[in-house]
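Source file: run.txt. Holds: compact mmCIF, C-alpha atoms.
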# COMPACT_ATOMS: atom_id res chain seq x y z
CA MET A 23 301.47 -55.88 185.77
CA LYS A 24 302.23 -53.79 188.85
CA LYS A 25 302.66 -50.09 188.10
CA THR A 26 305.94 -48.36 188.81
CA ALA A 27 306.03 -45.24 190.95
CA ARG A 28 306.84 -43.28 187.80
CA GLU A 29 303.80 -44.66 185.97
CA MET A 30 301.55 -43.85 188.91
CA GLN A 31 302.93 -40.31 189.04
CA LYS A 32 302.24 -39.93 185.33
CA GLU A 33 298.65 -41.11 185.81
CA GLN A 34 298.12 -38.74 188.71
CA THR A 35 299.39 -35.80 186.69
CA LYS A 36 297.13 -36.72 183.82
CA GLU A 37 294.13 -36.93 186.15
CA LEU A 38 295.02 -33.51 187.55
CA LEU A 39 295.24 -32.08 184.05
CA LEU A 40 291.87 -33.53 183.04
CA LYS A 41 290.22 -32.15 186.18
CA THR A 42 291.87 -28.75 185.72
CA ALA A 43 290.88 -28.61 182.06
CA TYR A 44 287.29 -29.42 183.07
CA GLU A 45 287.30 -26.50 185.52
CA VAL A 46 288.89 -24.05 183.07
CA PHE A 47 286.54 -25.11 180.24
CA SER A 48 283.58 -24.62 182.58
CA LYS A 49 284.61 -21.08 183.44
CA LYS A 50 286.17 -19.81 180.21
CA GLY A 51 284.46 -21.93 177.59
CA ILE A 52 286.03 -24.78 175.64
CA MET A 53 287.11 -23.23 172.35
CA ASN A 54 288.25 -20.06 174.16
CA THR A 55 290.75 -21.93 176.30
CA ARG A 56 294.41 -22.09 175.40
CA VAL A 57 296.87 -24.75 176.52
CA SER A 58 298.65 -22.09 178.58
CA ASP A 59 295.43 -21.40 180.53
CA ILE A 60 295.27 -25.04 181.61
CA ALA A 61 299.01 -25.25 182.32
CA GLN A 62 298.84 -22.16 184.49
CA ALA A 63 295.77 -23.33 186.41
CA ALA A 64 297.33 -26.75 187.01
CA GLY A 65 300.70 -25.29 187.97
CA VAL A 66 302.62 -27.21 185.32
CA SER A 67 304.71 -26.21 182.35
CA HIS A 68 303.28 -25.85 178.86
CA GLY A 69 305.34 -28.83 177.77
CA THR A 70 303.94 -31.09 180.48
CA ILE A 71 300.53 -30.92 178.83
CA PHE A 72 301.97 -32.38 175.62
CA VAL A 73 303.56 -35.27 177.48
CA HIS A 74 300.02 -36.45 178.21
CA PHE A 75 298.02 -35.19 175.21
CA ARG A 76 299.10 -35.07 171.58
CA SER A 77 297.14 -31.85 170.99
CA LEU A 78 294.66 -29.47 172.60
CA GLU A 79 292.00 -31.03 170.40
CA ALA A 80 292.83 -34.48 171.78
CA MET A 81 292.64 -33.07 175.31
CA ILE A 82 289.23 -31.54 174.64
CA GLU A 83 287.97 -34.89 173.30
CA GLU A 84 289.23 -36.72 176.36
CA VAL A 85 287.74 -34.24 178.86
CA VAL A 86 284.37 -34.23 177.09
CA ALA A 87 284.38 -38.05 176.89
CA LEU A 88 285.28 -38.42 180.58
CA TYR A 89 282.79 -35.92 181.93
CA GLY A 90 280.19 -36.90 179.34
CA GLN A 91 280.38 -40.41 180.79
CA LYS A 92 279.96 -39.04 184.32
CA ILE A 93 276.89 -37.03 183.31
CA ALA A 94 275.34 -39.98 181.47
CA MET A 95 276.10 -42.30 184.37
CA ARG A 96 274.60 -39.92 186.93
CA THR A 97 271.42 -39.63 184.88
CA HIS A 98 271.33 -43.42 184.42
CA VAL A 99 271.69 -44.05 188.18
CA LEU A 100 269.01 -41.50 189.08
CA ALA A 101 266.75 -42.81 186.31
CA GLN A 102 266.92 -46.36 187.71
CA SER A 103 264.56 -45.33 190.50
CA SER A 104 262.29 -43.39 188.15
CA GLY A 105 258.70 -44.50 188.00
CA SER A 106 256.88 -41.67 186.33
CA LEU A 107 257.92 -39.34 183.53
CA SER A 108 258.07 -36.60 186.16
CA ASP A 109 260.68 -38.63 188.08
CA LEU A 110 262.66 -39.21 184.92
CA LEU A 111 262.72 -35.54 183.96
CA ARG A 112 263.90 -34.75 187.47
CA ALA A 113 266.59 -37.44 187.15
CA HIS A 114 267.73 -35.91 183.86
CA LEU A 115 268.03 -32.47 185.39
CA GLY A 116 269.72 -33.98 188.44
CA GLY A 117 272.33 -35.55 186.19
CA ILE A 118 273.10 -32.24 184.52
CA MET A 119 272.91 -30.06 187.62
CA GLU A 120 276.10 -31.43 189.15
CA PHE A 121 278.00 -30.47 185.99
CA GLU A 122 275.87 -27.50 184.96
CA GLN A 123 278.55 -25.01 183.96
CA PHE A 124 280.43 -27.53 181.83
CA TYR A 125 277.27 -29.00 180.33
CA THR A 126 276.14 -25.47 179.40
CA ARG A 127 279.41 -25.02 177.50
CA LEU A 128 278.66 -28.23 175.61
CA VAL A 129 275.19 -26.94 174.76
CA ILE A 130 276.56 -23.64 173.46
CA GLU A 131 279.68 -24.92 171.70
CA ASN A 132 278.73 -28.39 170.54
CA ARG A 133 278.90 -27.71 166.77
CA LEU A 134 282.37 -26.13 167.13
CA LEU A 135 283.95 -29.01 169.02
CA PRO A 136 286.27 -31.68 167.57
CA PRO A 137 284.51 -34.78 166.12
CA GLY A 138 285.21 -37.05 169.11
CA ALA A 139 283.61 -34.53 171.46
CA ARG A 140 280.52 -34.29 169.24
CA ASP A 141 280.18 -38.06 169.44
CA SER A 142 280.33 -37.87 173.24
CA TRP A 143 277.49 -35.37 173.04
CA ILE A 144 275.36 -37.87 171.10
CA SER A 145 276.14 -40.50 173.74
CA ILE A 146 275.02 -38.22 176.57
CA GLN A 147 271.70 -37.49 174.86
CA SER A 148 271.26 -41.18 174.00
CA ALA A 149 271.52 -42.16 177.65
CA VAL A 150 268.67 -39.75 178.34
CA SER A 151 266.56 -40.65 175.29
CA PHE A 152 266.88 -44.33 176.21
CA HIS A 153 265.30 -43.80 179.64
CA PHE A 154 262.85 -41.25 178.28
CA SER A 155 261.53 -43.78 175.77
CA LEU A 156 261.22 -46.56 178.39
CA VAL A 157 259.32 -44.39 180.85
CA TYR A 158 257.18 -42.87 178.12
CA GLU A 159 256.16 -46.28 176.76
CA ARG A 160 255.32 -47.41 180.26
CA GLU A 161 253.34 -44.36 181.26
CA PHE A 162 251.71 -43.27 178.01
CA GLY A 163 252.28 -46.15 175.61
CA HIS A 164 248.70 -47.20 175.19
CA ASN A 165 247.09 -43.92 176.16
CA ASP A 166 248.91 -41.48 173.93
CA ARG A 167 246.35 -38.96 172.88
CA SER A 168 248.83 -36.26 171.96
CA GLY A 169 249.60 -37.84 168.59
CA ILE A 170 253.12 -36.45 168.88
CA PRO A 171 255.97 -38.84 168.01
CA LEU A 172 258.28 -39.91 170.85
CA HIS A 173 261.34 -38.23 169.34
CA MET A 174 259.50 -34.93 169.02
CA LEU A 175 258.45 -35.06 172.68
CA PHE A 176 262.06 -35.79 173.64
CA ASN A 177 263.44 -32.97 171.50
CA MET A 178 260.87 -30.54 172.88
CA TRP A 179 262.09 -31.31 176.40
CA MET A 180 265.74 -31.03 175.34
CA GLY A 181 265.04 -27.75 173.53
CA LEU A 182 263.34 -26.32 176.59
CA VAL A 183 266.12 -27.28 178.99
CA HIS A 184 268.90 -26.18 176.65
CA TYR A 185 267.22 -22.82 176.00
CA TYR A 186 267.28 -22.05 179.72
CA LEU A 187 270.89 -23.15 180.02
CA GLN A 188 272.05 -21.22 176.96
CA ASN A 189 270.45 -18.07 178.34
CA GLY A 190 271.42 -18.69 181.95
CA ASN A 191 272.76 -15.14 182.24
CA LEU A 192 269.18 -13.89 181.75
CA PHE A 193 267.32 -16.53 183.76
CA ALA A 194 269.70 -17.00 186.68
CA PRO A 195 272.60 -14.53 186.66
CA GLU A 196 273.78 -15.94 189.97
CA GLY A 197 274.23 -19.34 188.29
CA ASN A 198 272.39 -22.57 189.07
CA VAL A 199 269.75 -22.38 186.37
CA ILE A 200 268.51 -25.91 186.96
CA GLY A 201 268.26 -25.56 190.73
CA ARG A 202 266.11 -22.49 190.25
CA TYR A 203 263.87 -23.62 187.38
CA GLN A 204 263.62 -27.40 187.60
CA ASP A 205 260.19 -27.48 189.24
CA ILE A 206 258.54 -25.09 186.80
CA LEU A 207 260.23 -26.68 183.78
CA ILE A 208 259.00 -30.16 184.72
CA ASP A 209 255.56 -28.98 185.78
CA SER A 210 254.95 -26.84 182.68
CA TYR A 211 256.19 -29.48 180.24
CA LEU A 212 254.01 -32.17 181.78
CA LYS A 213 250.96 -29.90 181.86
CA LEU A 214 251.44 -29.15 178.19
CA LEU A 215 251.83 -32.86 177.46
CA LYS A 216 248.70 -33.80 179.34
CA GLY A 217 246.71 -31.06 177.64
CA GLY A 218 246.54 -28.63 180.51
CA ARG A 219 245.28 -31.06 183.12
CA ALA A 220 246.76 -30.99 186.62
CA GLU A 221 249.65 -33.39 187.25
CA LYS A 222 248.64 -36.60 189.00
CA MET B 2 280.82 -51.13 187.56
CA LYS B 3 280.19 -53.57 184.75
CA LEU B 4 279.51 -52.02 181.37
CA CYS B 5 277.96 -53.86 178.44
CA ILE B 6 280.73 -54.65 175.95
CA ALA B 7 278.37 -54.09 173.02
CA CYS B 8 276.72 -50.78 173.94
CA GLY B 9 278.38 -49.46 177.09
CA MET B 10 275.26 -49.47 179.28
CA PRO B 11 275.97 -49.96 183.00
CA MET B 12 274.60 -53.30 184.23
CA THR B 13 273.65 -53.25 187.89
CA LYS B 14 270.77 -55.70 188.35
CA PRO B 15 269.56 -59.04 186.95
CA ALA B 16 266.96 -57.29 184.76
CA ASP B 17 269.81 -55.61 182.85
CA TYR B 18 271.15 -58.98 181.76
CA PRO B 19 269.90 -61.40 179.06
CA LEU B 20 267.72 -64.06 180.75
CA GLY B 21 268.84 -62.52 184.08
CA ASP B 22 272.27 -64.10 183.68
CA GLU B 23 274.71 -61.84 185.52
CA SER B 24 277.72 -63.76 184.22
CA LYS B 25 277.23 -62.28 180.75
CA ASP B 26 279.36 -59.35 179.51
CA TYR B 27 276.56 -57.87 177.40
CA CYS B 28 273.17 -56.45 178.32
CA ILE B 29 269.61 -57.48 177.54
CA TYR B 30 269.31 -54.82 174.84
CA CYS B 31 272.25 -56.31 172.95
CA ALA B 32 270.98 -59.86 173.21
CA ARG B 33 268.84 -61.94 170.90
CA PRO B 34 265.70 -63.63 172.30
CA ASP B 35 267.72 -66.81 172.90
CA GLY B 36 270.21 -64.87 175.06
CA SER B 37 273.15 -64.84 172.63
CA MET B 38 274.79 -61.52 171.72
CA GLN B 39 273.60 -59.74 168.59
CA SER B 40 275.94 -59.61 165.59
CA TYR B 41 277.52 -56.35 164.51
CA PRO B 42 275.07 -55.79 161.63
CA GLU B 43 272.15 -56.44 164.02
CA LYS B 44 273.53 -54.06 166.64
CA LEU B 45 274.35 -51.42 164.04
CA GLU B 46 270.81 -51.50 162.69
CA GLY B 47 269.35 -51.54 166.20
CA THR B 48 271.43 -48.54 167.27
CA THR B 49 270.57 -46.61 164.11
CA ASP B 50 266.86 -47.29 164.61
CA PHE B 51 267.12 -46.33 168.30
CA LEU B 52 268.61 -42.93 167.40
CA ILE B 53 265.91 -42.31 164.81
CA ARG B 54 263.04 -43.48 167.02
CA THR B 55 264.03 -41.70 170.25
CA GLN B 56 265.79 -38.59 168.92
CA GLY B 57 264.44 -38.18 165.38
CA LEU B 58 267.86 -38.11 163.70
CA ASP B 59 268.25 -38.20 159.94
CA ARG B 60 268.82 -41.83 158.88
CA GLN B 61 272.24 -41.21 157.32
CA ALA B 62 273.44 -39.17 160.29
CA ALA B 63 272.12 -41.81 162.69
CA HIS B 64 273.87 -44.60 160.77
CA ALA B 65 277.18 -42.70 160.77
CA ALA B 66 276.87 -41.87 164.47
CA ALA B 67 276.04 -45.50 165.24
CA ILE B 68 279.17 -46.71 163.42
CA ARG B 69 281.37 -44.23 165.28
CA THR B 70 279.79 -45.04 168.67
CA LEU B 71 280.05 -48.82 168.26
CA ALA B 72 283.68 -48.51 167.18
CA GLN B 73 284.51 -47.36 170.73
CA LEU B 74 283.14 -50.52 172.35
CA PRO B 75 285.05 -53.67 173.26
CA ALA B 76 282.71 -56.04 171.41
CA TRP B 77 283.26 -54.27 168.09
CA GLN B 78 286.98 -53.53 168.17
CA GLY B 79 288.62 -54.04 164.82
CA ILE B 80 285.36 -54.65 163.04
CA GLN B 81 285.66 -51.42 161.10
CA LYS B 82 289.26 -52.00 160.02
CA THR B 83 288.17 -53.21 156.61
CA MET B 84 285.46 -50.57 156.24
CA ASP B 85 285.58 -46.79 155.95
CA THR B 86 284.56 -44.96 159.09
CA PRO B 87 282.41 -42.00 158.01
CA SER B 88 283.17 -38.74 159.78
CA GLY B 89 280.58 -36.45 161.28
CA ASN B 90 280.39 -32.80 160.24
Would you write out, as structure tokens, the structure that this file holds?
Amino acid sequence: MKKTAREMQKEQTKELLLKTAYEVFSKKGIMNTRVSDIAQAAGVSHGTIFVHFRSLEAMIEEVVALYGQKIAMRTHVLAQSSGSLSDLLRAHLGGIMEFEQFYTRLVIENRLLPPGARDSWISIQSAVSFHFSLVYEREFGHNDRSGIPLHMLFNMWMGLVHYYLQNGNLFAPEGNVIGRYQDILIDSYLKLLKGGRAEK
Amino acid sequence: MKLCIACGMPMTKPADYPLGDESKDYCIYCARPDGSMQSYPEKLEGTTDFLIRTQGLDRQAAHAAAIRTLAQLPAWQGIQKTMDTPSGN
């Protein structure tokens, strides 16, 4: 069915609100943000927000779902051309880097977010763990001398990356934690994995 | 961009599809060896095991997360209507 001008306008406003909320969440934090902050930043009235979202919680869930999908998709696309584990780790960081501020908020606030948002978080990590497991099987499957289970290797990588993001103010006060540390994170993790040998 | 109706994975090349058949709406990871789509119980178990194997989740938490994730996907709409959907914490 063809959309009316009114329906298209409504969609455009909603898109603007989602994008604005994303930007405000990235700067202020998610649970710290009030509806009025988003309304002000978007240049709309408080009431306009509630035309499009039944609650702030619902808005948070929708923003996290939308941008969670973008992050997962970006990682998936970059991972498609990944051969080695090194490539895959770089693809993972590449997927996050574009959305670093927002992703960092998810890392810090995940347990506080509404249920739908926490499910989006699981989906983001699953997109990564899926590719991680494929590449790992391919590269180390029959040669795994570490004796460390796949999920533990994955969680070690996630823990490392998230630690740097959570403490970004200490590691990269200017911002752009991943841009600054991606090489040493990947290199160090792989060296540890391969038992201190130089990367091939 | 075509997304698998059973798991949401983007499908961009023949290798993503069961038996390389790009006319299908579901991906190779949601297909049985004969190319047909897995049933809900099969997919639920597969997703739960995937979460445990690749991320080390607790079995109960993985099962609950799998139910909630699958409920969002076109292939499994309405399947939970007669069952309780467990909430996360």
Per-residue nearest contacts of chain B to chain A (7 Å; all atoms listed in the file) as CSV:
residue,atom,partner,partner_atom,distance
B:Arg54,CA,A:His173,CA,6.0
B:Thr55,CA,A:His173,CA,4.5
B:Gln56,CA,A:His173,CA,4.5
B:Gly57,CA,A:His173,CA,5.0
B:Gly89,CA,A:Pro137,CA,6.5
Centre, x/y/z edge lengths, axis-aligned box for segment 167-171 of chain A with 3 Å per side, as AutoDock Vina command-line options:
--center_x 251.2 --center_y -37.6 --center_z 170.4 --size_x 15.6 --size_y 8.7 --size_z 10.9
Need to verify the contact set: segment 113-130 of chain A, 8 Å, only C-alpha atoms, exclusion of same-chain residues closer than 3 positions in sequence. Can you return it as a list in words?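 Using only C-alpha atoms, the neighbours found are Tyr44, Glu45, Phe47, Ser48, Lys49, Gly51, Ile52, Ile93, Ala94, Met95, Arg96, Thr97, Leu100, Ala101, Ser104, Asp109, Leu110, Trp143, Val150, His184, Leu187, Gln188, Asn198, Ile200, Gly201 and Gln204 of chain A.
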Per residue of segment 39-142 of chain A within 10 Å of segment 25-34 of chain A, which atom pair is closest and at what distance in Å (one decimal), using only C-alpha atoms, listed by chain and increasing number, as a tab-separated table?
residue	atom	partner	partner_atom	distance
A:Leu39	CA	A:Gln34	CA	8.6
A:Leu40	CA	A:Gln34	CA	9.9
A:Val73	CA	A:Lys32	CA	9.2
A:His74	CA	A:Lys32	CA	8.2
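For the pair atom CA of Leu52 of chain B and atom CA of Ala16 of chain B, the interatomic distance is 22.6 Å.
Minimum distance to Val46 of chain A across A:Asp205, A:Ile82, A:Ser77, A:Tyr185 (counting all atoms listed in the file) occurs at A:Ile82.
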Rounded to one decimal, what separation in Å do you get between atom CA of Gly105 of chain A and atom CA of Tyr30 of chain B? 19.8 Å
With a distance cut-off of 8 Å and all atoms listed in the file, select the neighbouring residues of Met12 of chain B, excluding the residue or stretch itself and same-chain residues fewer than 3 positions from it, and output the selection as a PDB file with C-alpha atoms, in the coordinates of the input.
ATOM      1  CA  MET B   2     280.820 -51.130 187.560  1.00  0.00           C
ATOM      2  CA  LYS B   3     280.190 -53.570 184.750  1.00  0.00           C
ATOM      3  CA  LEU B   4     279.510 -52.020 181.370  1.00  0.00           C
ATOM      4  CA  CYS B   5     277.960 -53.860 178.440  1.00  0.00           C
ATOM      5  CA  ASP B  17     269.810 -55.610 182.850  1.00  0.00           C
ATOM      6  CA  TYR B  18     271.150 -58.980 181.760  1.00  0.00           C
ATOM      7  CA  CYS B  28     273.170 -56.450 178.320  1.00  0.00           C
TER       8      CYS B  28
END
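Using all atoms listed in the file, the residues found no farther than 9 Å from Gly36 of chain B, other than those of its own chain fewer than 2 positions away, are Tyr18, Pro19, Leu20, Asp22, Ile29, Ala32, Arg33, Pro34, Met38 and Gln39 of chain B.
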Would you mind reading off the distance between atom CA of Ala63 of chain A and atom CA of Ala43 of chain A, one decimal, in Å? 8.4 Å
Quick one: everything within 12 Å of segment 75-79 of chain B, counting all atoms listed in the file, minus sequence neighbours fewer than 4 positions away in the same chain. Send it as a short mmCIF file (atom, residue, chain, number, x, y, z; two decimals) with C-alpha atoms, in the coordinates of the input.
data_model
loop_
_atom_site.label_atom_id
_atom_site.label_comp_id
_atom_site.auth_asym_id
_atom_site.auth_seq_id
_atom_site.Cartn_x
_atom_site.Cartn_y
_atom_site.Cartn_z
CA LEU B 4 279.51 -52.02 181.37
CA CYS B 5 277.96 -53.86 178.44
CA ILE B 6 280.73 -54.65 175.95
CA ALA B 7 278.37 -54.09 173.02
CA CYS B 8 276.72 -50.78 173.94
CA GLY B 9 278.38 -49.46 177.09
CA ASP B 26 279.36 -59.35 179.51
CA TYR B 27 276.56 -57.87 177.40
CA CYS B 28 273.17 -56.45 178.32
CA CYS B 31 272.25 -56.31 172.95
CA MET B 38 274.79 -61.52 171.72
CA GLN B 39 273.60 -59.74 168.59
CA SER B 40 275.94 -59.61 165.59
CA TYR B 41 277.52 -56.35 164.51
CA PRO B 42 275.07 -55.79 161.63
CA LYS B 44 273.53 -54.06 166.64
CA LEU B 45 274.35 -51.42 164.04
CA ALA B 67 276.04 -45.50 165.24
CA ILE B 68 279.17 -46.71 163.42
CA ARG B 69 281.37 -44.23 165.28
CA THR B 70 279.79 -45.04 168.67
CA LEU B 71 280.05 -48.82 168.26
CA THR B 83 288.17 -53.21 156.61
CA MET B 84 285.46 -50.57 156.24
CA ASP B 85 285.58 -46.79 155.95
CA THR B 86 284.56 -44.96 159.09
#
Supply segment 132-152 of chain A as a tab-separated table (two decimals), keeping the file's coordinate frame, with N, CA and C atoms built in where the input has gaps.
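Here's the written file rebuild07.tsv:
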chain	number	residue	atom	x	y	z
A	132	ASN	N	278.71	-27.06	171.13
A	132	ASN	CA	278.73	-28.39	170.54
A	132	ASN	C	279.17	-28.44	169.07
A	133	ARG	N	278.61	-27.62	168.21
A	133	ARG	CA	278.90	-27.71	166.77
A	133	ARG	C	280.34	-27.30	166.44
A	134	LEU	N	281.00	-26.61	167.39
A	134	LEU	CA	282.37	-26.13	167.13
A	134	LEU	C	283.42	-27.13	167.59
A	135	LEU	N	282.99	-28.13	168.37
A	135	LEU	CA	283.95	-29.01	169.02
A	135	LEU	C	284.53	-30.05	168.05
A	136	PRO	N	285.69	-30.62	168.41
A	136	PRO	CA	286.27	-31.68	167.57
A	136	PRO	C	285.32	-32.88	167.48
A	137	PRO	N	285.45	-33.70	166.41
A	137	PRO	CA	284.51	-34.78	166.12
A	137	PRO	C	284.25	-35.73	167.29
A	138	GLY	N	285.35	-36.11	167.99
A	138	GLY	CA	285.21	-37.05	169.11
A	138	GLY	C	284.31	-36.48	170.19
A	139	ALA	N	284.43	-35.18	170.43
A	139	ALA	CA	283.61	-34.53	171.46
A	139	ALA	C	282.15	-34.50	171.04
A	140	ARG	N	281.91	-34.30	169.73
A	140	ARG	CA	280.52	-34.29	169.24
A	140	ARG	C	279.89	-35.67	169.35
A	141	ASP	N	280.70	-36.70	169.24
A	141	ASP	CA	280.18	-38.06	169.44
A	141	ASP	C	279.83	-38.30	170.90
A	142	SER	N	280.64	-37.75	171.81
A	142	SER	CA	280.33	-37.87	173.24
A	142	SER	C	279.00	-37.20	173.54
A	143	TRP	N	278.75	-36.08	172.87
A	143	TRP	CA	277.49	-35.37	173.04
A	143	TRP	C	276.31	-36.27	172.68
A	144	ILE	N	276.42	-36.96	171.53
A	144	ILE	CA	275.36	-37.87	171.10
A	144	ILE	C	275.16	-38.96	172.15
A	145	SER	N	276.24	-39.45	172.71
A	145	SER	CA	276.14	-40.50	173.74
A	145	SER	C	275.42	-40.01	174.98
A	146	ILE	N	275.70	-38.78	175.39
A	146	ILE	CA	275.02	-38.22	176.57
A	146	ILE	C	273.52	-38.17	176.31
A	147	GLN	N	273.14	-37.63	175.16
A	147	GLN	CA	271.70	-37.49	174.86
A	147	GLN	C	271.05	-38.85	174.70
A	148	SER	N	271.82	-39.83	174.18
A	148	SER	CA	271.26	-41.18	174.00
A	148	SER	C	270.95	-41.84	175.33
A	149	ALA	N	271.80	-41.60	176.32
A	149	ALA	CA	271.52	-42.16	177.65
A	149	ALA	C	270.18	-41.63	178.16
A	150	VAL	N	269.92	-40.35	177.90
A	150	VAL	CA	268.67	-39.75	178.34
A	150	VAL	C	267.50	-40.25	177.50
A	151	SER	N	267.68	-40.27	176.17
A	151	SER	CA	266.56	-40.65	175.29
A	151	SER	C	266.17	-42.11	175.51
A	152	PHE	N	267.15	-42.93	175.90
A	152	PHE	CA	266.88	-44.33	176.21
A	152	PHE	C	265.88	-44.42	177.37
